[in-house]
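Report on one structure; see the data block that follows.
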Amino acid sequence: MAEGREQRTYTVLVLLPVLVMAVVAGVDMLAGPEVGFLPLVSLGPAFAGLVGTWRRTLVVGALAMLLCVGLGIYDDLLLTRRGYTALASVAGVTVAGVVAAIMRGRREQELASVRSIAEVAQRVLLRPVPRSAGPLRVAVSYTSAVAEARIGGDLYEVAASADRIRLIVGDVQGKGLAAVETASVVLGTFREAAYEEPDLAQLGARLERSVGRELEDEKFVTAIIAEVRPKERTVVFLNHGHPPPMLVRRGGVDFPRPASYALPLGLAAHGGEPPATFSAEFAPGDQLLLYTDGVTEARNGEGDFYPLKDKGGLLRTGDAQAALDTLREDVDRYTGGVQDDDAAMLLVRYRPGRGPGRD
C-alpha cells in the first residue's frame with residue numbers, strides 16, 4: 001500500500017514538468033502577449049530537477065528553451081526585453097536544476113550505500129532460521145516501523161537440535177543503533193547458550209548476565225524463550241516481561257501465562273524473583289506464535305488495538321510461511337499501512353499427523 005502511493009507520487013513528479021509547460025503554453029496562446037505568461041515556461045526544468053537525472057533535467061530545459069522561442073515568435077516578443085528575460089529565466093533555472101539533480105543523485109547514491117550496509121547488518125543480526133525441524137515447520141516475519149532503515153530493535157532466533165527446538169523473540173527498549181547493538185548481544189548469547197545450557201532457567205540467567213553487562217540507565221529487553229519438545233508433545237516457556245505466547249489449536253486460541261511475571265532482561269539488579277518456567281501441551285496440528293508488542297499494540301484509525309486473539313483462523317490455512325504472511329498483511333490493512341513500532345513474529349507449526357520420529 002505504501003509502495004503504491006510512492007509509485008504514484010513518483011509518476012506524477014515525472015510527468016509534472018511536461019504538464020506544466022503544456023498548461024503554460026496553452027494559457028499563453030489563449031491569453032495573448034499582454035498577460036505575460038512566457039517566463040513561466042521555466043517551471044518545467046524547475047520541476048524536472050526534483051526527480052530524475054541531470055540529463056533528464058537538461059533535456060527538459062532544452063525543450064523549455066525551444067518552447068520559449070516558439071511562444072516568443074508567436075507573441076512577437078522574441079527580440080524584446082520580455083523575450084530576452086524569459087529566455088534568461090529558462091536558461092538560469094535549467095542550470096540550477098541540473099546542479100540540484102547532480103547533488104541529489106550523489107546523496108541518493110550515499111543513501112543507497114548506507115541502506116546496503118544496513119541490509120547486510122540485518123542479515124547478520126537476523127539470520128535465516130531453519131524452516132523445519134522434524135515434524136515442526138517454522139516461519140518468521142519482521143516489519144520495521146522505519147521502512148528506510150529496514151532494521152530495528154526486535155529480535156528472533158531458532159536453535160534446533162535432534163530432540164528439541166529452542167526459540168526466542170524479544171524487544172529492545174528504544175530505537176536506533178543502540179537498540180540494534182543490544183539486540184546483537186542478546187542474539188549472540190542465545191546462539192551459543194541455547195546449545196549449551198541444559199534448561200531454560202539457566203539459559204535465561206545467562207542472557208540476563210550478558211544484557212546486564214551491556215545496558216545502562218535502566219534500559220531493558222523483554223523476551224520470551226520457548227522450548228518445543230515434539231516427543232513429549234510439550235512446549236516450555238520462560239517469560240521475561242514479554243507479551244504471552246499464542247497457541248492455536250483445533251478448539252480455539254490460548255495464551256499461556258506464568259504464575260507470576262518477571263522483570264525484563266537487564267533489570268535483575270532491581271530485585272525480584274527470576275522467571276519460572278511454565279509449560280503447555282503442544283500436539284500435532286497445534287501452532288505456536290511468538291510476537292512482539294508491535295503486533296498487539298498496532299492501532300487502526302479509531303485508536304483500537306489489533307485483536308490478535310480473534311485472528312487464529314488466519315494461521316490455519318496454507319503452509320506456515322504463507323499463513324504468517326497472511327497475518328502480517330492483515331495487521332497492515334488494520335493499521336492502514338502506518339505502524340509506530342517494529343513487529344516481529346515467529347510461528348512454529350506441528351504438522352498434523354506427524355508424530356515423533358515421523359517426517
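Chain identifiers are assigned as A, B, and so on, following the order in which chains appear in the C-alpha cells; residues are numbered from 1 within each chain, and ligands are numbered from 1 in order of appearance.
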Identify, on the basis of only C-alpha atoms, every residue whose closest approach to A:Ile225 does not exceed 7 Å; exclude the query and any residue fewer than 3 positions from it along the same chain; express the result as a list in words.
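Using only C-alpha atoms, the neighbours found are Leu167, Ile168, Val169, Phe237, Leu238 and Asn239 of chain A.
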Would you save the residues of that selection, restricted to all heavy atoms, as an mmCIF file, in the first residue's frame?
data_model
loop_
_atom_site.group_PDB
_atom_site.id
_atom_site.type_symbol
_atom_site.label_atom_id
_atom_site.label_comp_id
_atom_site.auth_asym_id
_atom_site.auth_seq_id
_atom_site.Cartn_x
_atom_site.Cartn_y
_atom_site.Cartn_z
ATOM 1 N N LEU A 167 13.507 -21.368 20.917
ATOM 2 C CA LEU A 167 13.146 -20.142 20.212
ATOM 3 C C LEU A 167 13.264 -18.951 21.154
ATOM 4 O O LEU A 167 13.099 -19.094 22.361
ATOM 5 C CB LEU A 167 11.701 -20.213 19.701
ATOM 6 C CG LEU A 167 11.172 -21.554 19.210
ATOM 7 C CD1 LEU A 167 9.661 -21.548 19.182
ATOM 8 C CD2 LEU A 167 11.726 -21.832 17.827
ATOM 9 N N ILE A 168 13.526 -17.801 20.577
ATOM 10 C CA ILE A 168 13.479 -16.569 21.354
ATOM 11 C C ILE A 168 12.910 -15.462 20.472
ATOM 12 O O ILE A 168 13.209 -15.380 19.279
ATOM 13 C CB ILE A 168 14.875 -16.156 21.877
ATOM 14 C CG1 ILE A 168 14.750 -14.907 22.783
ATOM 15 C CG2 ILE A 168 15.853 -15.901 20.742
ATOM 16 C CD1 ILE A 168 16.026 -14.537 23.511
ATOM 17 N N VAL A 169 12.058 -14.651 21.056
ATOM 18 C CA VAL A 169 11.572 -13.424 20.437
ATOM 19 C C VAL A 169 11.687 -12.335 21.493
ATOM 20 O O VAL A 169 11.281 -12.539 22.644
ATOM 21 C CB VAL A 169 10.121 -13.559 19.945
ATOM 22 C CG1 VAL A 169 9.545 -12.194 19.581
ATOM 23 C CG2 VAL A 169 10.052 -14.482 18.749
ATOM 24 N N PHE A 237 8.046 -22.603 28.484
ATOM 25 C CA PHE A 237 8.284 -21.179 28.280
ATOM 26 C C PHE A 237 9.050 -20.574 29.457
ATOM 27 O O PHE A 237 8.962 -21.038 30.588
ATOM 28 C CB PHE A 237 6.960 -20.418 28.142
ATOM 29 C CG PHE A 237 6.100 -20.872 27.006
ATOM 30 C CD1 PHE A 237 4.998 -21.693 27.241
ATOM 31 C CD2 PHE A 237 6.371 -20.487 25.709
ATOM 32 C CE1 PHE A 237 4.186 -22.116 26.210
ATOM 33 C CE2 PHE A 237 5.562 -20.897 24.660
ATOM 34 C CZ PHE A 237 4.466 -21.711 24.906
ATOM 35 N N LEU A 238 9.755 -19.480 29.122
ATOM 36 C CA LEU A 238 10.377 -18.620 30.127
ATOM 37 C C LEU A 238 10.110 -17.188 29.669
ATOM 38 O O LEU A 238 10.593 -16.774 28.610
ATOM 39 C CB LEU A 238 11.878 -18.891 30.232
ATOM 40 C CG LEU A 238 12.607 -18.256 31.421
ATOM 41 C CD1 LEU A 238 12.176 -18.929 32.721
ATOM 42 C CD2 LEU A 238 14.118 -18.366 31.250
ATOM 43 N N ASN A 239 9.332 -16.447 30.460
ATOM 44 C CA ASN A 239 8.878 -15.135 30.028
ATOM 45 C C ASN A 239 9.550 -14.038 30.847
ATOM 46 O O ASN A 239 9.358 -13.941 32.050
ATOM 47 C CB ASN A 239 7.354 -15.028 30.172
ATOM 48 C CG ASN A 239 6.794 -13.839 29.416
ATOM 49 O OD1 ASN A 239 7.407 -12.789 29.344
ATOM 50 N ND2 ASN A 239 5.605 -14.015 28.855
#
Contact check, stretch 146-261 of chain A to stretch 291-297 of chain A, at most 8 Å, counting only C-alpha atoms, closest pairs as a tab-separated table:
residue	atom	partner	partner_atom	distance
A:Asp154	CA	A:Thr292	CA	7.3
A:Val169	CA	A:Tyr291	CA	6.5
A:Gly170	CA	A:Thr292	CA	6.7
A:Asp171	CA	A:Thr292	CA	6.4
A:His242	CA	A:Thr292	CA	7.6
A:Pro243	CA	A:Asp293	CA	6.7
A:Pro245	CA	A:Tyr291	CA	7.3
Pull all heavy atoms from the residues just selected and write them as a compact mmCIF listing (two decimals), in the first residue's frame.
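Listing of result_13.txt after writing:
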# COMPACT_ATOMS: atom_id res chain seq x y z
N ASP A 154 13.66 -5.22 17.46
CA ASP A 154 13.05 -6.51 17.69
C ASP A 154 13.99 -7.62 17.23
O ASP A 154 14.80 -7.41 16.32
CB ASP A 154 11.72 -6.63 16.94
CG ASP A 154 10.62 -5.81 17.61
OD1 ASP A 154 10.92 -5.11 18.60
OD2 ASP A 154 9.47 -5.87 17.14
N VAL A 169 12.06 -14.65 21.06
CA VAL A 169 11.57 -13.42 20.44
C VAL A 169 11.69 -12.34 21.49
O VAL A 169 11.28 -12.54 22.64
CB VAL A 169 10.12 -13.56 19.95
CG1 VAL A 169 9.54 -12.19 19.58
CG2 VAL A 169 10.05 -14.48 18.75
N GLY A 170 12.28 -11.21 21.12
CA GLY A 170 12.49 -10.15 22.10
C GLY A 170 12.28 -8.77 21.51
O GLY A 170 12.20 -8.59 20.29
N ASP A 171 12.23 -7.81 22.40
CA ASP A 171 12.00 -6.41 22.02
C ASP A 171 12.90 -5.53 22.89
O ASP A 171 12.75 -5.49 24.11
CB ASP A 171 10.53 -6.04 22.23
CG ASP A 171 10.19 -4.65 21.70
OD1 ASP A 171 11.11 -3.95 21.24
OD2 ASP A 171 9.01 -4.26 21.77
N HIS A 242 7.51 -10.24 28.66
CA HIS A 242 7.12 -10.15 27.24
C HIS A 242 5.65 -10.51 27.08
O HIS A 242 5.07 -11.20 27.93
CB HIS A 242 7.99 -11.11 26.42
CG HIS A 242 8.02 -10.82 24.97
ND1 HIS A 242 8.78 -9.79 24.44
CD2 HIS A 242 7.39 -11.40 23.92
CE1 HIS A 242 8.62 -9.76 23.13
NE2 HIS A 242 7.77 -10.73 22.79
N PRO A 243 5.00 -10.06 26.00
CA PRO A 243 3.62 -10.50 25.73
C PRO A 243 3.52 -12.01 25.69
O PRO A 243 4.44 -12.70 25.24
CB PRO A 243 3.31 -9.88 24.36
CG PRO A 243 4.20 -8.68 24.28
CD PRO A 243 5.46 -9.06 25.00
N PRO A 245 2.74 -15.95 24.83
CA PRO A 245 2.71 -16.68 23.56
C PRO A 245 1.26 -17.00 23.18
O PRO A 245 0.37 -17.01 24.02
CB PRO A 245 3.51 -17.94 23.86
CG PRO A 245 3.34 -18.14 25.33
CD PRO A 245 3.30 -16.76 25.93
Shell of 10 Å around A:Leu40, only C-alpha atoms, local chain residues under 2 positions omitted, as an MDAnalysis selection string:
chainID A and resid 20:21 23:25 28 36:38 42:44 64 68 86 89:90
Kindly export the residues of the current selection with all heavy atoms, as a short mmCIF file (atom, residue, chain, number, x, y, z; two decimals), in the first residue's frame.
data_model
loop_
_atom_site.label_atom_id
_atom_site.label_comp_id
_atom_site.auth_asym_id
_atom_site.auth_seq_id
_atom_site.Cartn_x
_atom_site.Cartn_y
_atom_site.Cartn_z
N VAL A 20 3.17 21.03 -16.86
CA VAL A 20 3.25 22.45 -16.54
C VAL A 20 3.56 23.27 -17.78
O VAL A 20 2.92 24.31 -18.04
CB VAL A 20 4.32 22.69 -15.45
CG1 VAL A 20 4.62 24.19 -15.31
CG2 VAL A 20 3.83 22.15 -14.11
N MET A 21 4.53 22.81 -18.57
CA MET A 21 4.87 23.56 -19.78
C MET A 21 3.71 23.57 -20.78
O MET A 21 3.46 24.57 -21.47
CB MET A 21 6.12 22.97 -20.42
CG MET A 21 7.39 23.23 -19.63
SD MET A 21 8.92 22.80 -20.52
CE MET A 21 8.72 21.04 -20.74
N VAL A 23 0.50 23.44 -20.01
CA VAL A 23 -0.51 24.37 -19.49
C VAL A 23 -0.09 25.82 -19.73
O VAL A 23 -0.89 26.66 -20.17
CB VAL A 23 -0.74 24.11 -17.99
CG1 VAL A 23 -1.60 25.22 -17.37
CG2 VAL A 23 -1.41 22.76 -17.79
N VAL A 24 1.18 26.13 -19.46
CA VAL A 24 1.67 27.49 -19.67
C VAL A 24 1.55 27.88 -21.14
O VAL A 24 1.11 29.00 -21.47
CB VAL A 24 3.13 27.61 -19.20
CG1 VAL A 24 3.72 28.96 -19.63
CG2 VAL A 24 3.21 27.47 -17.68
N ALA A 25 1.91 26.96 -22.06
CA ALA A 25 1.82 27.26 -23.49
C ALA A 25 0.38 27.50 -23.90
O ALA A 25 0.07 28.44 -24.65
CB ALA A 25 2.43 26.11 -24.29
N ASP A 28 -0.86 30.84 -22.46
CA ASP A 28 -0.21 31.97 -23.13
C ASP A 28 -0.81 32.21 -24.52
O ASP A 28 -1.04 33.36 -24.92
CB ASP A 28 1.29 31.70 -23.24
CG ASP A 28 2.04 32.88 -23.86
OD1 ASP A 28 2.36 33.81 -23.10
OD2 ASP A 28 2.28 32.84 -25.08
N GLY A 36 1.61 38.01 -20.04
CA GLY A 36 2.98 37.82 -19.59
C GLY A 36 3.26 36.47 -18.96
O GLY A 36 3.92 36.38 -17.93
N PHE A 37 2.75 35.38 -19.59
CA PHE A 37 2.99 34.04 -19.07
C PHE A 37 4.30 33.44 -19.56
O PHE A 37 4.69 32.37 -19.10
CB PHE A 37 1.84 33.10 -19.50
CG PHE A 37 0.65 33.16 -18.58
CD1 PHE A 37 -0.42 33.97 -18.87
CD2 PHE A 37 0.62 32.41 -17.42
CE1 PHE A 37 -1.51 34.03 -18.03
CE2 PHE A 37 -0.46 32.46 -16.57
CZ PHE A 37 -1.54 33.28 -16.87
N LEU A 38 4.98 34.08 -20.48
CA LEU A 38 6.14 33.50 -21.13
C LEU A 38 7.23 33.05 -20.15
O LEU A 38 7.77 31.95 -20.27
CB LEU A 38 6.72 34.48 -22.16
CG LEU A 38 7.75 33.91 -23.13
CD1 LEU A 38 7.17 32.74 -23.91
CD2 LEU A 38 8.24 35.01 -24.09
N SER A 42 9.80 28.40 -17.50
CA SER A 42 10.93 27.92 -16.70
C SER A 42 10.49 26.98 -15.58
O SER A 42 11.34 26.31 -14.96
CB SER A 42 11.69 29.11 -16.10
OG SER A 42 10.84 29.86 -15.25
N LEU A 43 9.18 26.90 -15.30
CA LEU A 43 8.71 25.95 -14.27
C LEU A 43 8.98 24.50 -14.69
O LEU A 43 9.13 23.63 -13.83
CB LEU A 43 7.21 26.14 -14.03
CG LEU A 43 6.80 27.44 -13.32
CD1 LEU A 43 5.29 27.55 -13.26
CD2 LEU A 43 7.39 27.49 -11.92
N GLY A 44 9.05 24.26 -16.01
CA GLY A 44 9.33 22.90 -16.48
C GLY A 44 10.65 22.36 -15.97
O GLY A 44 10.69 21.34 -15.26
N ALA A 64 12.13 23.34 -22.90
CA ALA A 64 11.57 24.59 -22.41
C ALA A 64 12.12 25.77 -23.20
O ALA A 64 11.39 26.74 -23.50
CB ALA A 64 11.87 24.75 -20.92
N CYS A 68 9.95 28.27 -25.35
CA CYS A 68 10.01 29.71 -25.08
C CYS A 68 10.27 30.48 -26.37
O CYS A 68 9.66 31.54 -26.62
CB CYS A 68 11.10 29.99 -24.05
SG CYS A 68 11.14 31.69 -23.44
N ALA A 86 12.66 36.14 -20.53
CA ALA A 86 12.10 34.79 -20.46
C ALA A 86 13.16 33.75 -20.81
O ALA A 86 13.29 32.71 -20.13
CB ALA A 86 10.90 34.67 -21.39
N SER A 89 15.56 33.39 -18.00
CA SER A 89 14.95 32.68 -16.87
C SER A 89 15.00 31.18 -17.10
O SER A 89 15.36 30.40 -16.20
CB SER A 89 13.50 33.13 -16.68
OG SER A 89 13.44 34.50 -16.36
N VAL A 90 14.64 30.76 -18.31
CA VAL A 90 14.66 29.32 -18.61
C VAL A 90 16.08 28.78 -18.52
O VAL A 90 16.33 27.71 -17.93
CB VAL A 90 14.08 29.06 -20.02
CG1 VAL A 90 14.27 27.60 -20.42
CG2 VAL A 90 12.61 29.43 -20.05
#
So what do you get for atom CA of A:Gly285 versus atom CA of A:Ile224, distance-wise?
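Atom CA of A:Ile224 lies 22.3 Å from atom CA of A:Gly285.
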d(atom CA of A:Leu314, atom CA of A:Pro135) in Å:
20.9 Å
Give me the residues within 6 Å of A:Pro284 as a list in words, counting only C-alpha atoms and dropping any in the same chain fewer than 2 places off.
Asp286, Tyr350, Arg351, Pro352 and Gly353 of chain A
Using N, CA and C atoms, can you write the selected residues to a file as a CSV table (one decimal), in the first residue's frame?
chain,number,residue,atom,x,y,z
A,286,ASP,N,-1.2,-28.4,16.3
A,286,ASP,CA,-1.1,-27.1,17.0
A,286,ASP,C,-0.1,-26.2,16.4
A,350,TYR,N,3.2,-27.6,14.3
A,350,TYR,CA,3.4,-29.0,14.5
A,350,TYR,C,2.4,-29.7,13.4
A,351,ARG,N,3.0,-30.2,12.4
A,351,ARG,CA,2.2,-30.7,11.3
A,351,ARG,C,1.2,-31.8,11.7
A,352,PRO,N,0.0,-31.7,11.3
A,352,PRO,CA,-1.0,-32.7,11.6
A,352,PRO,C,-0.6,-34.1,11.2
A,353,GLY,N,-0.8,-35.1,12.1
A,353,GLY,CA,-0.5,-36.5,11.7
A,353,GLY,C,1.0,-36.8,11.8
Do you know which residues are at most 10 Å from A:Leu15 counting only C-alpha atoms, after dropping those on the same chain fewer than 4 positions away, and could you put them as an MDAnalysis selection string?
chainID A and resid 10:11 19:20 44 47:48
Best match for closeness to A:Gln339 among A:Pro258, A:Ser144, A:Thr182, A:Gly70, counting only C-alpha atoms:
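Counting only C-alpha atoms, the residue closest to A:Gln339 is A:Ser144.
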DSSP on the backbone, then: every residue of stretch 107-264 of chain A marked alpha helix (DSSP H), written as a CSV table (one decimal) with N, CA, C and O atoms, in the first residue's frame.
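So the final result, stored in part_34.csv, reads:
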chain,number,residue,atom,x,y,z
A,107,ARG,N,23.6,12.3,-3.3
A,107,ARG,CA,23.0,11.9,-2.0
A,107,ARG,C,22.3,10.6,-2.0
A,107,ARG,O,22.4,9.8,-1.1
A,108,GLU,N,21.6,10.4,-3.1
A,108,GLU,CA,20.9,9.1,-3.3
A,108,GLU,C,21.8,7.9,-3.3
A,108,GLU,O,21.6,6.8,-2.8
A,109,GLN,N,23.0,8.1,-4.0
A,109,GLN,CA,24.0,7.0,-4.0
A,109,GLN,C,24.5,6.8,-2.6
A,109,GLN,O,24.7,5.6,-2.3
A,110,GLU,N,24.8,7.8,-1.9
A,110,GLU,CA,25.2,7.6,-0.5
A,110,GLU,C,24.2,6.9,0.4
A,110,GLU,O,24.5,6.0,1.2
A,111,LEU,N,22.9,7.3,0.2
A,111,LEU,CA,21.8,6.7,0.9
A,111,LEU,C,21.7,5.2,0.5
A,111,LEU,O,21.5,4.3,1.4
A,112,ALA,N,21.8,4.9,-0.8
A,112,ALA,CA,21.8,3.5,-1.2
A,112,ALA,C,22.9,2.7,-0.6
A,112,ALA,O,22.7,1.5,-0.2
A,113,SER,N,24.1,3.3,-0.5
A,113,SER,CA,25.2,2.6,0.1
A,113,SER,C,24.9,2.3,1.6
A,113,SER,O,25.2,1.2,2.1
A,114,VAL,N,24.3,3.3,2.3
A,114,VAL,CA,24.0,3.1,3.7
A,114,VAL,C,23.0,2.0,3.9
A,114,VAL,O,23.0,1.2,4.8
A,115,ARG,N,22.0,2.0,3.0
A,115,ARG,CA,20.9,1.0,3.1
A,115,ARG,C,21.5,-0.4,2.8
A,115,ARG,O,21.1,-1.3,3.5
A,116,SER,N,22.4,-0.4,1.9
A,116,SER,CA,23.0,-1.7,1.6
A,116,SER,C,23.8,-2.3,2.8
A,116,SER,O,23.7,-3.4,3.2
A,117,ILE,N,24.5,-1.4,3.5
A,117,ILE,CA,25.2,-1.8,4.7
A,117,ILE,C,24.2,-2.2,5.8
A,117,ILE,O,24.4,-3.2,6.5
A,118,ALA,N,23.1,-1.5,5.9
A,118,ALA,CA,22.0,-1.8,6.9
A,118,ALA,C,21.4,-3.2,6.6
A,118,ALA,O,21.2,-4.0,7.5
A,119,GLU,N,21.2,-3.5,5.3
A,119,GLU,CA,20.7,-4.8,4.9
A,119,GLU,C,21.6,-5.9,5.3
A,119,GLU,O,21.2,-7.0,5.8
A,120,VAL,N,22.9,-5.7,5.0
A,120,VAL,CA,23.9,-6.7,5.4
A,120,VAL,C,23.9,-6.9,6.9
A,120,VAL,O,24.0,-8.0,7.4
A,121,ALA,N,23.9,-5.8,7.7
A,121,ALA,CA,23.9,-5.8,9.1
A,121,ALA,C,22.7,-6.6,9.6
A,121,ALA,O,22.8,-7.4,10.6
A,122,GLN,N,21.5,-6.4,9.0
A,122,GLN,CA,20.3,-7.1,9.4
A,122,GLN,C,20.4,-8.6,9.1
A,122,GLN,O,19.9,-9.4,9.9
A,123,ARG,N,21.0,-8.9,7.9
A,123,ARG,CA,21.2,-10.4,7.6
A,123,ARG,C,22.1,-11.0,8.6
A,123,ARG,O,21.9,-12.2,8.9
A,124,VAL,N,23.1,-10.3,9.1
A,124,VAL,CA,24.0,-10.9,10.1
A,124,VAL,C,23.2,-11.0,11.5
A,124,VAL,O,23.3,-12.0,12.2
A,125,LEU,N,22.5,-9.9,11.8
A,125,LEU,CA,21.8,-9.9,13.1
A,125,LEU,C,20.6,-10.9,13.1
A,125,LEU,O,20.5,-11.7,14.0
A,176,GLY,N,17.0,2.8,17.1
A,176,GLY,CA,18.3,3.3,16.6
A,176,GLY,C,19.4,2.2,16.7
A,176,GLY,O,19.2,1.1,17.1
A,177,LEU,N,20.6,2.7,16.5
A,177,LEU,CA,21.8,1.9,16.6
A,177,LEU,C,22.0,1.3,18.0
A,177,LEU,O,22.5,0.1,18.1
A,178,ALA,N,21.7,2.0,19.0
A,178,ALA,CA,21.8,1.4,20.4
A,178,ALA,C,21.0,0.2,20.6
A,178,ALA,O,21.4,-0.8,21.1
A,179,ALA,N,19.7,0.2,20.0
A,179,ALA,CA,18.8,-0.9,20.1
A,179,ALA,C,19.4,-2.1,19.3
A,179,ALA,O,19.3,-3.2,19.7
A,180,VAL,N,19.9,-1.8,18.1
A,180,VAL,CA,20.5,-2.8,17.3
A,180,VAL,C,21.7,-3.5,18.0
A,180,VAL,O,21.8,-4.7,17.9
A,181,GLU,N,22.5,-2.7,18.6
A,181,GLU,CA,23.7,-3.2,19.3
A,181,GLU,C,23.2,-4.2,20.4
A,181,GLU,O,23.8,-5.2,20.6
A,182,THR,N,22.2,-3.7,21.2
A,182,THR,CA,21.7,-4.6,22.3
A,182,THR,C,21.1,-5.9,21.8
A,182,THR,O,21.3,-6.9,22.3
A,183,ALA,N,20.4,-5.8,20.7
A,183,ALA,CA,19.8,-7.0,20.1
A,183,ALA,C,20.9,-8.0,19.7
A,183,ALA,O,20.7,-9.2,19.8
A,184,SER,N,22.0,-7.4,19.1
A,184,SER,CA,23.1,-8.3,18.7
A,184,SER,C,23.7,-9.0,19.9
A,184,SER,O,24.1,-10.2,19.8
A,185,VAL,N,23.7,-8.4,21.1
A,185,VAL,CA,24.3,-9.0,22.3
A,185,VAL,C,23.3,-10.2,22.7
A,185,VAL,O,23.8,-11.3,23.0
A,186,VAL,N,22.0,-9.9,22.7
A,186,VAL,CA,21.1,-11.0,23.1
A,186,VAL,C,21.2,-12.1,22.2
A,186,VAL,O,21.2,-13.3,22.6
A,187,LEU,N,21.2,-11.9,20.9
A,187,LEU,CA,21.2,-13.0,19.9
A,187,LEU,C,22.5,-13.7,19.9
A,187,LEU,O,22.5,-15.0,19.8
A,188,GLY,N,23.6,-13.0,20.1
A,188,GLY,CA,24.9,-13.7,20.2
A,188,GLY,C,25.0,-14.6,21.3
A,188,GLY,O,25.4,-15.8,21.2
A,189,THR,N,24.5,-14.2,22.5
A,189,THR,CA,24.5,-15.1,23.7
A,189,THR,C,23.5,-16.3,23.5
A,189,THR,O,23.8,-17.4,23.8
A,190,PHE,N,22.3,-16.0,22.9
A,190,PHE,CA,21.4,-17.1,22.7
A,190,PHE,C,21.9,-18.1,21.8
A,190,PHE,O,21.7,-19.3,22.0
A,191,ARG,N,22.5,-17.7,20.7
A,191,ARG,CA,23.0,-18.7,19.7
A,191,ARG,C,24.0,-19.6,20.3
A,191,ARG,O,24.2,-20.8,19.8
A,192,GLU,N,24.8,-19.2,21.2
A,192,GLU,CA,25.8,-20.0,21.9
A,192,GLU,C,25.1,-20.8,23.0
A,192,GLU,O,25.3,-22.0,23.1
A,193,ALA,N,24.4,-20.1,23.9
A,193,ALA,CA,23.9,-20.8,25.1
A,193,ALA,C,22.8,-21.7,24.9
A,193,ALA,O,22.6,-22.7,25.6
A,200,LEU,N,15.9,-24.1,30.5
A,200,LEU,CA,15.6,-22.7,30.1
A,200,LEU,C,16.0,-21.7,31.2
A,200,LEU,O,16.3,-20.6,30.9
A,201,ALA,N,15.9,-22.1,32.5
A,201,ALA,CA,16.2,-21.2,33.6
A,201,ALA,C,17.6,-20.8,33.5
A,201,ALA,O,18.0,-19.6,33.7
A,202,GLN,N,18.5,-21.7,33.3
A,202,GLN,CA,19.9,-21.4,33.1
A,202,GLN,C,20.2,-20.6,31.9
A,202,GLN,O,21.1,-19.7,31.9
A,203,LEU,N,19.5,-20.9,30.8
A,203,LEU,CA,19.6,-20.1,29.6
A,203,LEU,C,19.2,-18.7,29.8
A,203,LEU,O,19.9,-17.7,29.4
A,204,GLY,N,18.1,-18.5,30.5
A,204,GLY,CA,17.6,-17.1,30.9
A,204,GLY,C,18.6,-16.4,31.8
A,204,GLY,O,18.8,-15.2,31.6
A,205,ALA,N,19.2,-17.1,32.7
A,205,ALA,CA,20.2,-16.4,33.6
A,205,ALA,C,21.4,-16.0,32.9
A,205,ALA,O,22.0,-14.9,33.1
A,206,ARG,N,21.8,-16.8,31.9
A,206,ARG,CA,23.0,-16.4,31.1
A,206,ARG,C,22.7,-15.2,30.2
A,206,ARG,O,23.5,-14.3,30.1
A,207,LEU,N,21.5,-15.1,29.7
A,207,LEU,CA,21.1,-14.0,28.9
A,207,LEU,C,21.0,-12.7,29.8
A,207,LEU,O,21.4,-11.6,29.4
A,208,GLU,N,20.5,-12.9,31.0
A,208,GLU,CA,20.4,-11.8,32.0
A,208,GLU,C,21.8,-11.2,32.3
A,208,GLU,O,22.0,-10.0,32.3
A,209,ARG,N,22.8,-12.1,32.5
A,209,ARG,CA,24.1,-11.6,32.8
A,209,ARG,C,24.7,-10.9,31.6
A,209,ARG,O,25.4,-9.8,31.8
A,210,SER,N,24.5,-11.4,30.4
A,210,SER,CA,25.1,-10.7,29.2
A,210,SER,C,24.4,-9.3,29.0
A,210,SER,O,25.1,-8.3,28.7
A,211,VAL,N,23.1,-9.3,29.1
A,211,VAL,CA,22.4,-8.0,28.9
A,211,VAL,C,22.8,-7.0,30.0
A,211,VAL,O,23.0,-5.8,29.8
A,212,GLY,N,22.9,-7.5,31.3
A,212,GLY,CA,23.2,-6.6,32.4
A,212,GLY,C,24.5,-6.0,32.3
A,212,GLY,O,24.7,-4.8,32.7
A,213,ARG,N,25.5,-6.6,31.6
A,213,ARG,CA,26.8,-6.0,31.4
A,213,ARG,C,26.8,-4.9,30.4
A,213,ARG,O,27.6,-4.0,30.4
A,214,GLU,N,25.8,-5.0,29.4
A,214,GLU,CA,25.8,-4.1,28.3
A,214,GLU,C,24.9,-2.9,28.6
A,214,GLU,O,25.2,-1.8,28.1
For A:Pro198, the nearest of the candidates A:Glu227, A:Ala320, A:Gly26, A:Gln173, counting only C-alpha atoms
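Answer, going by the shortest atom-to-atom distance: A:Glu227.
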Can you pull out every residue within 7 Å of A:Met345, counting only C-alpha atoms, but drop anything in the same chain fewer than 6 positions away, and send it as a list in words?
Val140, Ser141, Tyr142, Leu289, Leu290, Tyr291 and Thr292 of chain A
Writing out the chosen residues with N, CA and C atoms as an mmCIF file, in the first residue's frame:
data_model
loop_
_atom_site.group_PDB
_atom_site.id
_atom_site.type_symbol
_atom_site.label_atom_id
_atom_site.label_comp_id
_atom_site.auth_asym_id
_atom_site.auth_seq_id
_atom_site.Cartn_x
_atom_site.Cartn_y
_atom_site.Cartn_z
ATOM 1 N N VAL A 140 8.906 -16.936 9.885
ATOM 2 C CA VAL A 140 9.203 -15.686 10.572
ATOM 3 C C VAL A 140 8.706 -14.511 9.747
ATOM 4 N N SER A 141 8.461 -13.410 10.436
ATOM 5 C CA SER A 141 8.065 -12.160 9.785
ATOM 6 C C SER A 141 8.642 -11.014 10.595
ATOM 7 N N TYR A 142 9.194 -10.036 9.892
ATOM 8 C CA TYR A 142 9.747 -8.855 10.573
ATOM 9 C C TYR A 142 9.367 -7.615 9.780
ATOM 10 N N LEU A 289 2.701 -19.180 18.234
ATOM 11 C CA LEU A 289 3.095 -17.876 17.694
ATOM 12 C C LEU A 289 3.734 -17.045 18.802
ATOM 13 N N LEU A 290 4.989 -16.653 18.580
ATOM 14 C CA LEU A 290 5.668 -15.703 19.441
ATOM 15 C C LEU A 290 5.740 -14.377 18.692
ATOM 16 N N TYR A 291 5.553 -13.271 19.382
ATOM 17 C CA TYR A 291 5.427 -11.977 18.707
ATOM 18 C C TYR A 291 5.877 -10.873 19.649
ATOM 19 N N THR A 292 6.070 -9.683 19.099
ATOM 20 C CA THR A 292 6.390 -8.508 19.907
ATOM 21 C C THR A 292 5.169 -7.606 20.000
#
May I ask which of the residues A:Gly105, A:Gly61, A:Gly336, A:Gly318 is the closest one to A:Glu302, counting only C-alpha atoms?
A:Gly336
Minimum-distance residue to A:Asp319, chosen among A:Leu155, A:Ala283, A:Ala139, A:Met246 (using only C-alpha atoms):
A:Ala139
